[in-house]
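Asker: What follows is structure28.json, made up of JSON, C-alpha atoms:
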```json
[["chain", "number", "residue", "atom", "x", "y", "z"],
["A", 1, "LYS", "CA", 0.00, 0.00, 0.00],
["A", 2, "TYR", "CA", 2.86, 2.37, 0.79],
["A", 3, "ILE", "CA", 4.59, 1.99, -2.55],
["A", 4, "ASN", "CA", 1.25, 2.30, -4.40],
["A", 5, "ASP", "CA", 0.48, 5.55, -2.57],
["A", 6, "LEU", "CA", 4.01, 6.79, -3.26],
["A", 7, "PHE", "CA", 3.71, 5.99, -6.96],
["A", 8, "GLN", "CA", 0.31, 7.73, -7.19],
["A", 9, "TYR", "CA", 1.70, 10.84, -5.47],
["A", 10, "MET", "CA", 4.72, 10.97, -7.79],
["A", 11, "THR", "CA", 2.49, 10.59, -10.84],
["A", 12, "GLU", "CA", 0.17, 13.40, -9.75],
["A", 13, "PHE", "CA", 3.12, 15.64, -8.86],
["A", 14, "PHE", "CA", 4.68, 14.99, -12.28],
["A", 15, "GLN", "CA", 1.41, 15.94, -13.98],
["A", 16, "ARG", "CA", 1.22, 19.19, -12.03],
["A", 17, "ARG", "CA", 4.88, 19.93, -12.72],
["A", 18, "HIS", "CA", 4.65, 19.08, -16.44],
["A", 19, "PRO", "CA", 1.02, 19.61, -17.52],
["A", 20, "LEU", "CA", 1.86, 19.21, -21.23],
["A", 21, "ALA", "CA", 3.58, 15.84, -20.82],
["A", 22, "ASN", "CA", 1.69, 12.66, -21.71],
["A", 23, "VAL", "CA", 1.96, 10.44, -18.64],
["A", 24, "ASP", "CA", 0.23, 7.51, -20.37],
["A", 25, "ASP", "CA", 3.00, 7.33, -22.96],
["A", 26, "PHE", "CA", 5.61, 7.27, -20.18],
["A", 27, "LYS", "CA", 3.78, 4.44, -18.40],
["A", 28, "LYS", "CA", 3.48, 2.44, -21.61],
["A", 29, "GLN", "CA", 7.18, 2.85, -22.31],
["A", 30, "ILE", "CA", 8.10, 1.85, -18.75],
["A", 31, "ALA", "CA", 5.81, -1.22, -18.87],
["A", 32, "GLU", "CA", 7.37, -2.48, -22.11],
["A", 33, "GLU", "CA", 10.87, -2.00, -20.75],
["A", 34, "PHE", "CA", 9.98, -3.78, -17.49],
["A", 35, "GLU", "CA", 8.38, -6.78, -19.21],
["A", 36, "GLY", "CA", 11.53, -7.29, -21.26],
["A", 37, "LYS", "CA", 13.81, -7.19, -18.23],
["A", 38, "TRP", "CA", 11.46, -9.33, -16.12],
["A", 39, "ALA", "CA", 11.42, -12.08, -18.73],
["A", 40, "LYS", "CA", 15.24, -12.13, -18.68],
["A", 41, "ASP", "CA", 15.47, -11.87, -14.84],
["A", 42, "GLU", "CA", 17.35, -8.59, -15.20],
["A", 43, "VAL", "CA", 15.22, -6.44, -12.89],
["A", 44, "GLU", "CA", 17.50, -5.00, -10.21],
["A", 45, "GLY", "CA", 16.82, -6.57, -6.80],
["A", 46, "TRP", "CA", 14.31, -9.09, -8.21],
["A", 47, "GLY", "CA", 16.39, -11.95, -9.54],
["A", 48, "GLU", "CA", 15.46, -15.60, -9.43],
["A", 49, "THR", "CA", 16.45, -15.94, -5.74],
["A", 50, "LYS", "CA", 14.11, -13.15, -4.57],
["A", 51, "GLU", "CA", 11.26, -14.26, -6.81],
["A", 52, "THR", "CA", 11.08, -17.70, -5.23],
["A", 53, "SER", "CA", 12.14, -17.35, -1.60],
["A", 54, "ASN", "CA", 12.87, -13.81, -0.60],
["A", 55, "GLU", "CA", 16.47, -13.41, 0.68],
["A", 56, "MET", "CA", 17.10, -17.13, 1.47],
["A", 57, "GLU", "CA", 20.43, -18.21, 2.80],
["A", 58, "ALA", "CA", 22.70, -19.89, 0.28],
["A", 59, "ASP", "CA", 23.68, -23.47, 1.08],
["A", 60, "THR", "CA", 27.24, -24.61, 0.82],
["A", 61, "ILE", "CA", 26.10, -27.77, -1.03],
["A", 62, "GLU", "CA", 24.03, -27.38, -4.16],
["A", 63, "TYR", "CA", 21.23, -29.96, -4.44],
["A", 64, "GLN", "CA", 19.26, -30.77, -7.54],
["A", 65, "PRO", "CA", 15.53, -29.93, -7.46],
["A", 66, "VAL", "CA", 13.32, -32.83, -6.38],
["A", 67, "ASP", "CA", 10.87, -34.26, -8.93],
["A", 68, "LEU", "CA", 7.86, -35.21, -6.77],
["A", 69, "SER", "CA", 6.17, -37.05, -9.63],
["A", 70, "GLN", "CA", 8.66, -39.92, -9.07],
["A", 71, "TYR", "CA", 7.52, -40.41, -5.46],
["A", 72, "ASN", "CA", 4.30, -42.19, -4.54],
["A", 73, "SER", "CA", 4.20, -41.32, -0.82],
["A", 74, "TRP", "CA", 5.92, -39.09, 1.67],
["A", 75, "GLU", "CA", 7.78, -42.12, 3.14],
["A", 76, "ASP", "CA", 9.78, -42.40, -0.09],
["A", 77, "LEU", "CA", 11.23, -38.94, 0.56],
["A", 78, "GLN", "CA", 12.93, -40.01, 3.77],
["A", 79, "ASP", "CA", 15.90, -41.36, 1.85],
["A", 80, "LEU", "CA", 16.83, -37.78, 0.83],
["A", 81, "GLY", "CA", 17.95, -36.85, 4.34],
["A", 82, "LEU", "CA", 17.40, -33.81, 6.51],
["A", 83, "ASN", "CA", 19.79, -31.46, 4.70],
["A", 84, "TYR", "CA", 18.46, -32.27, 1.24],
["A", 85, "LEU", "CA", 14.87, -31.81, 2.42],
["A", 86, "LYS", "CA", 15.75, -28.52, 4.11],
["A", 87, "SER", "CA", 17.34, -27.18, 0.92],
["A", 88, "GLU", "CA", 14.38, -28.24, -1.19],
["A", 89, "LEU", "CA", 11.87, -26.76, 1.26],
["A", 90, "LYS", "CA", 13.74, -23.45, 1.14],
["A", 91, "ARG", "CA", 13.76, -23.50, -2.63],
["A", 92, "VAL", "CA", 10.01, -24.02, -2.99],
["A", 93, "GLY", "CA", 9.12, -21.58, -0.18],
["A", 94, "LEU", "CA", 7.93, -23.90, 2.61],
["A", 95, "LYS", "CA", 8.94, -24.01, 6.27],
["A", 96, "THR", "CA", 12.17, -25.89, 6.86],
["A", 97, "GLY", "CA", 11.91, -26.85, 10.53],
["A", 98, "GLY", "CA", 10.69, -30.04, 12.16],
["A", 99, "ARG", "CA", 11.62, -33.68, 12.16],
["A", 100, "LEU", "CA", 12.36, -35.80, 9.12],
["A", 101, "GLU", "CA", 8.77, -37.08, 8.86],
["A", 102, "GLU", "CA", 7.31, -33.56, 9.12],
["A", 103, "ARG", "CA", 9.60, -32.28, 6.42],
["A", 104, "CYS", "CA", 8.70, -35.15, 4.11],
["A", 105, "LYS", "CA", 4.96, -34.62, 4.61],
["A", 106, "ARG", "CA", 5.32, -30.89, 4.10],
["A", 107, "LEU", "CA", 7.26, -31.28, 0.85],
["A", 108, "PHE", "CA", 4.90, -33.98, -0.44],
["A", 109, "LEU", "CA", 2.01, -31.46, -0.23],
["A", 110, "LEU", "CA", 3.38, -29.80, -3.38],
["A", 111, "LYS", "CA", 2.86, -32.86, -5.53],
["A", 112, "GLY", "CA", 0.53, -31.81, -8.35],
["A", 113, "LYS", "CA", 0.01, -28.37, -6.76],
["A", 114, "THR", "CA", 1.50, -24.91, -6.81],
["A", 115, "ILE", "CA", 2.79, -22.98, -3.82],
["A", 116, "ASP", "CA", -0.33, -20.79, -3.87],
["A", 117, "GLN", "CA", -2.55, -23.87, -3.36],
["A", 118, "VAL", "CA", -0.71, -24.91, -0.19],
["A", 119, "PRO", "CA", -2.21, -23.63, 3.12],
["A", 120, "ASN", "CA", -0.48, -20.61, 4.59],
["A", 121, "LYS", "CA", 0.56, -22.43, 7.76],
["A", 122, "TYR", "CA", 3.04, -24.51, 5.74],
["A", 123, "ARG", "CA", 4.59, -21.60, 3.84],
["A", 124, "ALA", "CA", 7.71, -19.72, 4.90],
["A", 125, "LYS", "CA", 7.03, -16.28, 6.37],
["A", 126, "ASN", "CA", 9.46, -14.54, 4.05],
["A", 127, "PHE", "CA", 8.20, -16.27, 0.91],
["A", 128, "ILE", "CA", 6.88, -14.18, -2.01],
["A", 129, "SER", "CA", 5.08, -15.79, -4.93],
["A", 130, "ARG", "CA", 6.15, -14.88, -8.43],
["A", 131, "ASP", "CA", 2.91, -13.07, -9.29],
["A", 132, "LYS", "CA", 3.03, -10.96, -6.15],
["A", 133, "ALA", "CA", 6.73, -10.32, -6.65],
["A", 134, "LYS", "CA", 6.06, -9.11, -10.19],
["A", 135, "THR", "CA", 3.35, -6.72, -8.96],
["A", 136, "ILE", "CA", 5.64, -5.20, -6.34],
["A", 137, "ALA", "CA", 8.58, -5.06, -8.72],
["A", 138, "THR", "CA", 6.45, -3.27, -11.35],
["A", 139, "VAL", "CA", 5.49, -0.48, -8.95],
["A", 140, "GLU", "CA", 9.10, -0.16, -7.75],
["A", 141, "TYR", "CA", 10.29, 0.10, -11.35],
["A", 142, "TYR", "CA", 7.74, 2.86, -12.02],
["A", 143, "ILE", "CA", 8.91, 4.75, -8.91],
["A", 144, "LYS", "CA", 12.58, 4.53, -9.97],
["A", 145, "TYR", "CA", 11.73, 5.84, -13.42],
["A", 146, "PHE", "CA", 9.70, 8.79, -12.14],
["A", 147, "TYR", "CA", 12.39, 9.48, -9.55],
["A", 148, "GLU", "CA", 14.84, 10.11, -12.37],
["A", 149, "LEU", "CA", 12.33, 12.45, -14.06],
["A", 150, "LEU", "CA", 11.76, 14.38, -10.81],
["A", 151, "ARG", "CA", 15.32, 14.25, -9.52],
["A", 152, "PRO", "CA", 15.88, 18.09, -9.54],
["A", 153, "GLN", "CA", 12.72, 18.73, -7.50],
["A", 154, "ILE", "CA", 13.46, 15.89, -5.07],
["A", 155, "GLU", "CA", 17.03, 17.05, -4.52],
["A", 156, "ALA", "CA", 15.87, 20.63, -3.94],
["A", 157, "THR", "CA", 13.29, 19.43, -1.42],
["A", 158, "ARG", "CA", 15.88, 17.31, 0.38],
["A", 159, "GLU", "CA", 18.27, 20.27, 0.63],
["A", 160, "TYR", "CA", 15.49, 22.48, 1.99],
["A", 161, "ILE", "CA", 14.56, 19.92, 4.66],
["A", 162, "GLU", "CA", 18.18, 19.38, 5.66],
["A", 163, "LYS", "CA", 18.72, 23.12, 5.89],
["A", 164, "LYS", "CA", 15.58, 23.51, 7.98],
["A", 165, "LEU", "CA", 16.66, 20.73, 10.36],
["A", 166, "THR", "CA", 20.02, 22.41, 11.00],
["A", 167, "LYS", "CA", 18.42, 25.64, 12.26],
["A", 168, "THR", "CA", 18.29, 26.40, 15.93],
["A", 169, "TYR", "CA", 15.17, 27.02, 17.95],
["A", 170, "GLU", "CA", 15.84, 30.80, 18.02],
["A", 171, "GLU", "CA", 16.17, 30.97, 14.22],
["A", 172, "ILE", "CA", 12.91, 29.09, 13.72],
["A", 173, "GLN", "CA", 11.10, 31.39, 16.14],
["A", 174, "ALA", "CA", 12.50, 34.48, 14.38],
["A", 175, "GLU", "CA", 11.24, 33.22, 11.00],
["A", 176, "ARG", "CA", 7.79, 32.52, 12.45],
["A", 177, "GLU", "CA", 7.60, 36.04, 13.86],
["A", 178, "GLU", "CA", 8.55, 37.53, 10.50],
["A", 179, "ASP", "CA", 5.89, 35.46, 8.74],
["A", 180, "SER", "CA", 3.26, 36.45, 11.31],
["A", 181, "ASP", "CA", 4.17, 40.15, 10.89],
["A", 182, "GLU", "CA", 3.77, 39.87, 7.13],
["A", 183, "VAL", "CA", 0.38, 38.17, 7.50],
["A", 184, "VAL", "CA", -0.81, 40.83, 9.95],
["A", 185, "SER", "CA", 0.33, 43.66, 7.69],
["A", 186, "GLU", "CA", -1.41, 42.10, 4.69],
["A", 187, "SER", "CA", -4.64, 41.59, 6.65],
["A", 188, "GLU", "CA", -4.51, 45.21, 7.87],
["A", 189, "GLU", "CA", -4.08, 46.46, 4.33],
["A", 190, "GLU", "CA", -7.03, 44.38, 3.18],
["A", 191, "GLU", "CA", -9.20, 45.65, 6.02],
["A", 192, "GLU", "CA", -8.22, 49.25, 5.27],
["A", 193, "GLY", "CA", -9.02, 48.69, 1.59],
["A", 194, "GLN", "CA", -12.43, 47.26, 2.42],
["A", 195, "LEU", "CA", -13.29, 50.03, 4.88],
["A", 196, "TYR", "CA", -12.21, 52.91, 2.66],
["A", 197, "ASN", "CA", -15.18, 52.88, 0.27],
["A", 198, "PRO", "CA", -17.90, 55.00, 1.89],
["A", 199, "LEU", "CA", -19.50, 55.92, -1.47],
["A", 200, "LYS", "CA", -19.69, 52.25, -2.50],
["A", 201, "LEU", "CA", -17.84, 52.94, -5.72],
["A", 202, "PRO", "CA", -17.43, 50.05, -8.18],
["A", 203, "LEU", "CA", -14.09, 48.21, -8.18],
["A", 204, "GLY", "CA", -11.55, 48.56, -10.95],
["A", 205, "TRP", "CA", -9.29, 45.97, -12.57],
["A", 206, "ASP", "CA", -6.89, 46.16, -9.60],
["A", 207, "GLY", "CA", -9.58, 45.34, -7.06],
["A", 208, "LYS", "CA", -9.67, 48.90, -5.67],
["A", 209, "PRO", "CA", -12.49, 51.49, -5.93],
["A", 210, "ILE", "CA", -12.27, 53.64, -9.06],
["A", 211, "PRO", "CA", -11.68, 57.43, -8.63],
["A", 212, "TYR", "CA", -14.75, 59.50, -7.86],
["A", 213, "TRP", "CA", -14.20, 61.81, -10.83],
["A", 214, "LEU", "CA", -14.21, 58.79, -13.15],
["A", 215, "TYR", "CA", -17.35, 57.58, -11.43],
["A", 216, "LYS", "CA", -19.07, 60.91, -12.15],
["A", 217, "LEU", "CA", -17.65, 61.18, -15.67],
["A", 218, "HIS", "CA", -19.24, 57.92, -16.80],
["A", 219, "GLY", "CA", -22.49, 58.75, -15.00],
["A", 220, "LEU", "CA", -22.36, 55.64, -12.87],
["A", 221, "ASN", "CA", -24.34, 57.46, -10.18],
["A", 222, "ILE", "CA", -27.40, 57.67, -12.46],
["A", 223, "GLU", "CA", -29.89, 54.82, -12.25],
["A", 224, "TYR", "CA", -31.97, 53.75, -15.26],
["A", 225, "LYS", "CA", -34.87, 51.34, -14.81],
["A", 226, "CYS", "CA", -36.44, 49.32, -17.58],
["A", 227, "GLU", "CA", -40.00, 48.07, -17.10],
["A", 228, "ILE", "CA", -39.66, 45.69, -20.05],
["A", 229, "CYS", "CA", -36.70, 44.01, -18.29],
["A", 230, "GLY", "CA", -38.76, 43.53, -15.13],
["A", 231, "ASN", "CA", -37.78, 46.88, -13.51],
["A", 232, "TYR", "CA", -34.11, 45.91, -13.66],
["A", 233, "SER", "CA", -31.70, 48.77, -12.78],
["A", 234, "TYR", "CA", -28.82, 49.86, -15.01],
["A", 235, "TRP", "CA", -26.17, 52.25, -13.70],
["A", 236, "GLY", "CA", -24.72, 54.70, -16.19],
["A", 237, "PRO", "CA", -25.84, 55.64, -19.74],
["A", 238, "ARG", "CA", -23.39, 53.22, -21.32],
["A", 239, "ALA", "CA", -24.80, 50.16, -19.59],
["A", 240, "PHE", "CA", -28.33, 51.45, -20.25],
["A", 241, "SER", "CA", -27.78, 51.87, -24.00],
["A", 242, "ARG", "CA", -26.07, 48.49, -24.30],
["A", 243, "HIS", "CA", -28.83, 46.58, -22.57],
["A", 244, "PHE", "CA", -31.27, 47.05, -25.48],
["A", 245, "ASN", "CA", -29.28, 44.47, -27.45],
["A", 246, "GLU", "CA", -28.81, 42.06, -24.55],
["A", 247, "TRP", "CA", -30.80, 38.92, -23.77],
["A", 248, "ARG", "CA", -32.89, 40.34, -20.90],
["A", 249, "HIS", "CA", -34.44, 43.14, -22.97],
["A", 250, "SER", "CA", -34.87, 40.90, -26.02],
["A", 251, "TYR", "CA", -36.69, 38.32, -23.90],
["A", 252, "GLY", "CA", -39.00, 41.01, -22.49],
["A", 253, "MET", "CA", -39.88, 42.24, -26.00],
["A", 254, "LYS", "CA", -40.50, 38.65, -27.12],
["A", 255, "CYS", "CA", -42.96, 38.19, -24.23],
["A", 256, "LEU", "CA", -44.86, 41.28, -25.47],
["A", 257, "GLY", "CA", -45.01, 39.83, -28.97],
["A", 258, "ILE", "CA", -42.91, 42.66, -30.41],
["A", 259, "GLN", "CA", -39.82, 42.30, -32.54],
["A", 260, "ASN", "CA", -36.81, 43.99, -30.94],
["A", 261, "THR", "CA", -35.64, 46.49, -33.58],
["A", 262, "LYS", "CA", -33.90, 49.86, -33.52],
["A", 263, "ASP", "CA", -37.29, 51.61, -33.62],
["A", 264, "PHE", "CA", -37.85, 50.56, -30.00],
["A", 265, "GLU", "CA", -34.47, 51.77, -28.69],
["A", 266, "ASN", "CA", -34.72, 53.89, -25.52],
["A", 267, "ILE", "CA", -38.27, 52.59, -24.94],
["A", 268, "THR", "CA", -38.46, 51.23, -21.39],
["A", 269, "LEU", "CA", -42.23, 51.30, -20.61],
["A", 270, "ILE", "CA", -44.48, 48.48, -21.71],
["A", 271, "GLU", "CA", -47.33, 50.81, -22.67],
["A", 272, "ASP", "CA", -45.05, 52.95, -24.85],
["A", 273, "ALA", "CA", -43.72, 49.87, -26.61],
["A", 274, "ILE", "CA", -47.22, 48.57, -27.38],
["A", 275, "THR", "CA", -48.40, 52.01, -28.61],
["A", 276, "LEU", "CA", -45.36, 52.44, -30.85],
["A", 277, "ASN", "CA", -45.84, 48.96, -32.25],
["A", 278, "ARG", "CA", -49.44, 49.76, -33.25],
["A", 279, "LYS", "CA", -48.34, 53.02, -34.84],
["A", 280, "LEU", "CA", -45.63, 51.29, -36.85],
["A", 281, "LYS", "CA", -48.13, 48.71, -38.08],
["A", 282, "LYS", "CA", -50.50, 51.46, -39.29],
["A", 283, "LEU", "CA", -47.68, 53.23, -41.13],
["A", 284, "GLN", "CA", -46.71, 49.97, -42.73],
["A", 285, "GLN", "CA", -50.28, 49.40, -43.89],
["A", 286, "GLN", "CA", -50.44, 52.91, -45.37],
["A", 287, "LYS", "CA", -47.26, 52.30, -47.31],
["A", 288, "SER", "CA", -48.53, 48.99, -48.66],
["A", 289, "TRP", "CA", -50.15, 48.64, -52.14],
["A", 290, "ARG", "CA", -53.93, 49.30, -52.20],
["A", 291, "PRO", "CA", -55.45, 48.38, -55.58],
["A", 292, "GLU", "CA", -58.85, 50.03, -54.97],
["A", 293, "GLU", "CA", -57.21, 53.44, -54.54],
["A", 294, "GLU", "CA", -53.96, 53.28, -56.48],
["A", 295, "GLU", "CA", -54.86, 51.12, -59.50],
["A", 296, "GLU", "CA", -55.87, 53.39, -62.49],
["A", 297, "PHE", "CA", -58.23, 52.80, -65.44],
["A", 298, "GLU", "CA", -58.75, 54.85, -68.63],
["A", 299, "ASP", "CA", -62.03, 55.20, -70.59],
["A", 300, "LYS", "CA", -62.40, 55.55, -74.35],
["A", 301, "ASP", "CA", -62.28, 59.35, -74.10],
["A", 302, "GLY", "CA", -58.92, 59.26, -72.29],
["A", 303, "HIS", "CA", -60.19, 60.07, -68.79],
["A", 304, "VAL", "CA", -58.25, 58.33, -65.96],
["A", 305, "TYR", "CA", -60.03, 57.01, -62.85],
["A", 306, "ASN", "CA", -59.03, 54.85, -59.90],
["A", 307, "LYS", "CA", -60.47, 51.39, -59.63],
["A", 308, "LYS", "CA", -63.28, 52.28, -57.22],
["A", 309, "THR", "CA", -64.54, 55.26, -59.27],
["A", 310, "PHE", "CA", -64.24, 53.37, -62.52],
["A", 311, "ASP", "CA", -66.30, 50.47, -61.17],
["A", 312, "ASP", "CA", -69.03, 52.86, -59.96],
["A", 313, "LEU", "CA", -69.25, 54.65, -63.34],
["A", 314, "LYS", "CA", -69.25, 51.35, -65.17],
["A", 315, "ARG", "CA", -72.18, 50.05, -63.13],
["A", 316, "GLN", "CA", -74.12, 53.24, -63.97],
["A", 317, "GLY", "CA", -73.34, 52.82, -67.67],
["A", 318, "LEU", "CA", -71.55, 56.15, -67.90],
["A", 319, "VAL", "CA", -68.30, 54.73, -69.27]]
```
Give the structure from this file in C-alpha cells form.
Answerer:
Amino acid sequence: KYINDLFQYMTEFFQRRHPLANVDDFKKQIAEEFEGKWAKDEVEGWGETKETSNEMEADTIEYQPVDLSQYNSWEDLQDLGLNYLKSELKRVGLKTGGRLEERCKRLFLLKGKTIDQVPNKYRAKNFISRDKAKTIATVEYYIKYFYELLRPQIEATREYIEKKLTKTYEEIQAEREEDSDEVVSESEEEEEGQLYNPLKLPLGWDGKPIPYWLYKLHGLNIEYKCEICGNYSYWGPRAFSRHFNEWRHSYGMKCLGIQNTKDFENITLIEDAITLNRKLKKLQQQKSWRPEEEEEFEDKDGHVYNKKTFDDLKRQGLV
C-alpha cells in the first residue's frame, strides 16, 4: 500500500509539474521496458532468488531440485535426508523446521500443486510468490523511473529539509515572527481597503475602488430602470444603451409579442412599446399597395379614374 500511494503521489506531482507531458506514454514505455527485463530476470533486486524465496540463505552444497512425480508417498522422501529436504523446502518456499517425517509430509504437499494452493501455515514467512513479486517489482520500477524524471525537484526538497533541520530554535522562532508580521500587515491592508469605500464605488481591474471623478464622468451614479426588463436597474448611460441588445431586454420584448428592432431603442415602458408597435403597423399598412385606390383605369375618351370610381361609373353605364 505504501509503494502504491508513493507511486500515485509521484504521478500526480509529475502531472502538475509538467502539464503538457503525456503520462500515459511514459507508463506504456516503462511497462514495455519492465516486461523485457522481467522475462530475462534482469530487474534490479528481483532476480530468481528473490522471486522464489525472498532473501534465502545460500547453502554450501548445491542440491538438484526434487521431482515429486517420481515419489508415490511421503515415506519415499525419507531417503533424501534432513539437509536435502531442508534445501528443497527453502527453494520451494515452505517451512524448513521439524523432524524428518514432518519435512517429508510438508514437501509432499506440493505434488501436483503450486505454492499458492498450499495452506499458509506450511509456507515460509518470508516467501513471495512470483505473481506478487512481479506486482511489487512493477510499482518499484515505475517509482525509480519517475524518480529520475523528478530528480531536480526531489534534490531541492531534500536540501530544503536538511537546511531547515540544521536551524536552531531561536532561528525558527524568528522566521515565524517575521511570517506572522507579514500576515498581519497584509490583513490590515485588506481591512483598510475594504473600509475605505464609503461611497460604494465600483471596483476597478486592480480590485480597488475607481476614482470619484471617473465615477461621475461615466455617469455611474445615475440609475436607469427598464420596465420591459422587469424593472431591472442599469447604472450609467453606457450600460443602459447596451442593454437594449442584450438577452434580458430581447426576452422582455418577445414576451410582449414585439420584434426587438432599432425603432424601440430607448423605450423602457411596456405601454409605450405597445403604442409604438401599433403606430408602426399602421404606417406599414399605409405604405402597402392598395389596388382600390392606387390602380388606375382609362375610358375611351382618355379620362383616368381609380379602380373604385371606374367600377361605380361602369355600373351606372356612364363609361
Asker: For Leu220 in chain A, which residue out of A:Asn266, A:Thr96, A:Gln285, A:Ser233 is the nearest one, using all atoms listed in the file?
Answerer: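 Distance minimum relative to Leu220 in chain A lands on A:Ser233.
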Asker: Provide the CA of Thr135 in chain A to CA of Lys28 in chain A distance in Å, to one decimal place.
Answerer: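 Distance between the two atoms: 15.6 Å.
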Asker: Do a neighbour search on Phe13 in chain A at 10 Å with all atoms listed in the file, toss out local chain neighbours closer than 6 positions, and write the hits as a PyMOL selection string.
Answerer: chain A and resi 7+19+150
Asker: I'd like the interatomic distance between CA of Ile270 in chain A and CA of Glu227 in chain A, to a tenth of an Å.
Answerer: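 According to the coordinates, CA of Ile270 in chain A and CA of Glu227 in chain A are separated by 6.4 Å.
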Asker: For the atom pair CA of Leu203 in chain A and CA of Tyr215 in chain A, what is the interatomic distance in Å to one decimal place?
Answerer: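 Separation between CA of Leu203 in chain A and CA of Tyr215 in chain A: 10.4 Å.
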Asker: With all atoms listed in the file as the basis for distance, which of A:His303, A:Arg290, A:Lys164, A:Lys254 is at the shortest distance from Ala273 in chain A?
Answerer: A:Lys254
Asker: Identify which of the residues A:Tyr169, A:Tyr2, A:Phe297, A:Phe14 lies closest to Ile154 in chain A, counting all atoms listed in the file when measuring atom-to-atom distances.
Answerer: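 Of all the options, A:Phe14 lies closest to Ile154 in chain A.
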Asker: Measuring between all atoms listed in the file, which one of A:Leu318, A:Cys229, A:Leu149, A:Val43 shows the shortest distance to Tyr251 in chain A?
Answerer: A:Cys229
Asker: Given the point (-11.1, 59.9, -6.2) in the file's coordinates, find the residues that have an atom at most 12 Å from it, counting all atoms listed in the file, and give them as number ranges by chain.
Answerer: A: 196-199, 201-202, 208-217
Asker: Suppose we keep C-alpha atoms; can you now write the selection as a short mmCIF file (atom, residue, chain, number, x, y, z; two decimals), keeping the file's coordinate frame?
Answerer:
```cif
data_model
loop_
_atom_site.label_atom_id
_atom_site.label_comp_id
_atom_site.auth_asym_id
_atom_site.auth_seq_id
_atom_site.Cartn_x
_atom_site.Cartn_y
_atom_site.Cartn_z
CA TYR A 196 -12.21 52.91 2.66
CA ASN A 197 -15.18 52.88 0.27
CA PRO A 198 -17.90 55.00 1.89
CA LEU A 199 -19.50 55.92 -1.47
CA LEU A 201 -17.84 52.94 -5.72
CA PRO A 202 -17.43 50.05 -8.18
CA LYS A 208 -9.67 48.90 -5.67
CA PRO A 209 -12.49 51.49 -5.93
CA ILE A 210 -12.27 53.64 -9.06
CA PRO A 211 -11.68 57.43 -8.63
CA TYR A 212 -14.75 59.50 -7.86
CA TRP A 213 -14.20 61.81 -10.83
CA LEU A 214 -14.21 58.79 -13.15
CA TYR A 215 -17.35 57.58 -11.43
CA LYS A 216 -19.07 60.91 -12.15
CA LEU A 217 -17.65 61.18 -15.67
#
```
Asker: Compile the contact shell of Pro237 in chain A as a PDB file with C-alpha atoms, keeping the file's coordinate frame: residues with an atom at most 8 Å away, counting all atoms listed in the file, same-chain residues fewer than 4 positions apart removed.
Answerer:
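Generated file (out_10.pdb):
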```
ATOM      1  CA  HIS A 218     -19.240  57.920 -16.800  1.00  0.00           C
ATOM      2  CA  GLY A 219     -22.490  58.750 -15.000  1.00  0.00           C
ATOM      3  CA  LEU A 220     -22.360  55.640 -12.870  1.00  0.00           C
ATOM      4  CA  ILE A 222     -27.400  57.670 -12.460  1.00  0.00           C
ATOM      5  CA  TYR A 224     -31.970  53.750 -15.260  1.00  0.00           C
ATOM      6  CA  SER A 241     -27.780  51.870 -24.000  1.00  0.00           C
TER       7      SER A 241
END
```
Asker: Which polymer residues have any atom within 12 Å of an atom of Asn277 in chain A, counting all atoms listed in the file, with same-chain residues fewer than 2 positions away left out, as a list of chain:residue names?
Answerer: A:Met253, A:Leu256, A:Gly257, A:Ile258, A:Gln259, A:Asn260, A:Thr261, A:Asp263, A:Phe264, A:Ile267, A:Ile270, A:Glu271, A:Asp272, A:Ala273, A:Ile274, A:Thr275, A:Lys279, A:Leu280, A:Lys281, A:Lys282, A:Leu283, A:Gln284
Asker: For range 145-147 of chain A, find every residue with an atom within 12 Å (counting all atoms listed in the file), except residues of its own chain fewer than 3 positions away, and show them as a VMD selection string.
Answerer: chain A and resid 6 to 15 23 26 to 27 29 to 31 33 to 34 138 to 142 150 to 155
Asker: Considering all atoms listed in the file, state which residue in the set A:Gly97, A:Glu171, A:Glu295, A:Gly236 is at the smallest distance from Lys308 in chain A.
Answerer: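 Of A:Gly97, A:Glu171, A:Glu295, A:Gly236, the one nearest Lys308 in chain A, counting all atoms listed in the file, is A:Glu295.
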Asker: A:Ser180, A:Asn4, A:Asn221, A:Asn83: which is nearest Lys200 in chain A, counting only C-alpha atoms?
Answerer: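 Between A:Ser180, A:Asn4, A:Asn221, A:Asn83, the residue approaching Lys200 in chain A most closely is A:Asn221.
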